[in-house]
Amino acid sequence: MTLTKSKYYFEALDNYPYSLPDCLEALNYALSYDPEDADSLCLMGRIYSEMLTDYERAKVYFEEAMQCNVANLNIPQYYIKCLLDNEDLDEAEKLINYALKIKGIDKARILIQKSLLFEIKHEYKKALKPLKEAKKYSYNQAMTDFLTNKTKFIKNKMTKNGKKKK
């Protein structure tokens, strides 16, 4: 990563999501210096996924970023969210399983997305298991509180669905 490209990437990151025009300008400069920079491609994917909800285009950027740096720790969490939002559940599951094998990745966040995958499929019992496992990888109170609340939320959904079936 050259110093100039880094400058533009960090400028883009600093402007995201509050000033998209400035973010995009800096990001385009960063990509002009290195069109295969995985972090810049990932940020472009995030813009298309999170801001523009153009999931197909976002997937192209995420896939290219993964090809440029398959061990990047940032890409999987955003790519998985894009896939879940676009209801590409089989692809999301494959990426989750791969991401959990990447050394140094935030396993708690990936496991939360695995839980969300099962929740989307209405498999609530299965959704609780990754949350329980995520607690093992939780190293701060905020994450532990989030996991506890998410577990309660899913259990609440289970009881509501159980009452409807009866």
# chains A, B, ... in the order shown; residues from 1 in each chain; ligands from 1
>>> residues_around(residues="Leu89 of chain A", least_positions_apart="3", cutoff="12 Å", atoms="only C-alpha atoms", output="ChimeraX atom specification")
/A:79-86,92-96,113-114,116-121
>>> residues_around(residues="segment 49-63 of chain A", least_positions_apart="2", cutoff="9 Å", atoms="only C-alpha atoms", output="list in words")
Pro17, Ala38, Leu41, Cys42, Leu43, Met44, Gly45, Arg46, Ile47, Ala65, Met66, Gln67, Cys68, Ile75, Pro76, Tyr78, Tyr79, Lys81, Cys82, Leu83, Asp85 and Asn86 of chain A
>>> atom_distance(atom1="atom CA of Lys136 of chain A", atom2="atom CA of Lys107 of chain A")
9.3 Å
>>> atom_distance(atom1="atom CA of Lys152 of chain A", atom2="atom CA of Ala134 of chain A")
14.7 Å
>>> residues_around(residues="Asp106 of chain A", least_positions_apart="3", cutoff="10 Å", atoms="only C-alpha atoms", output="ChimeraX atom specification")
/A:73-74,77,99-100,102-103,109-111,134,137-138
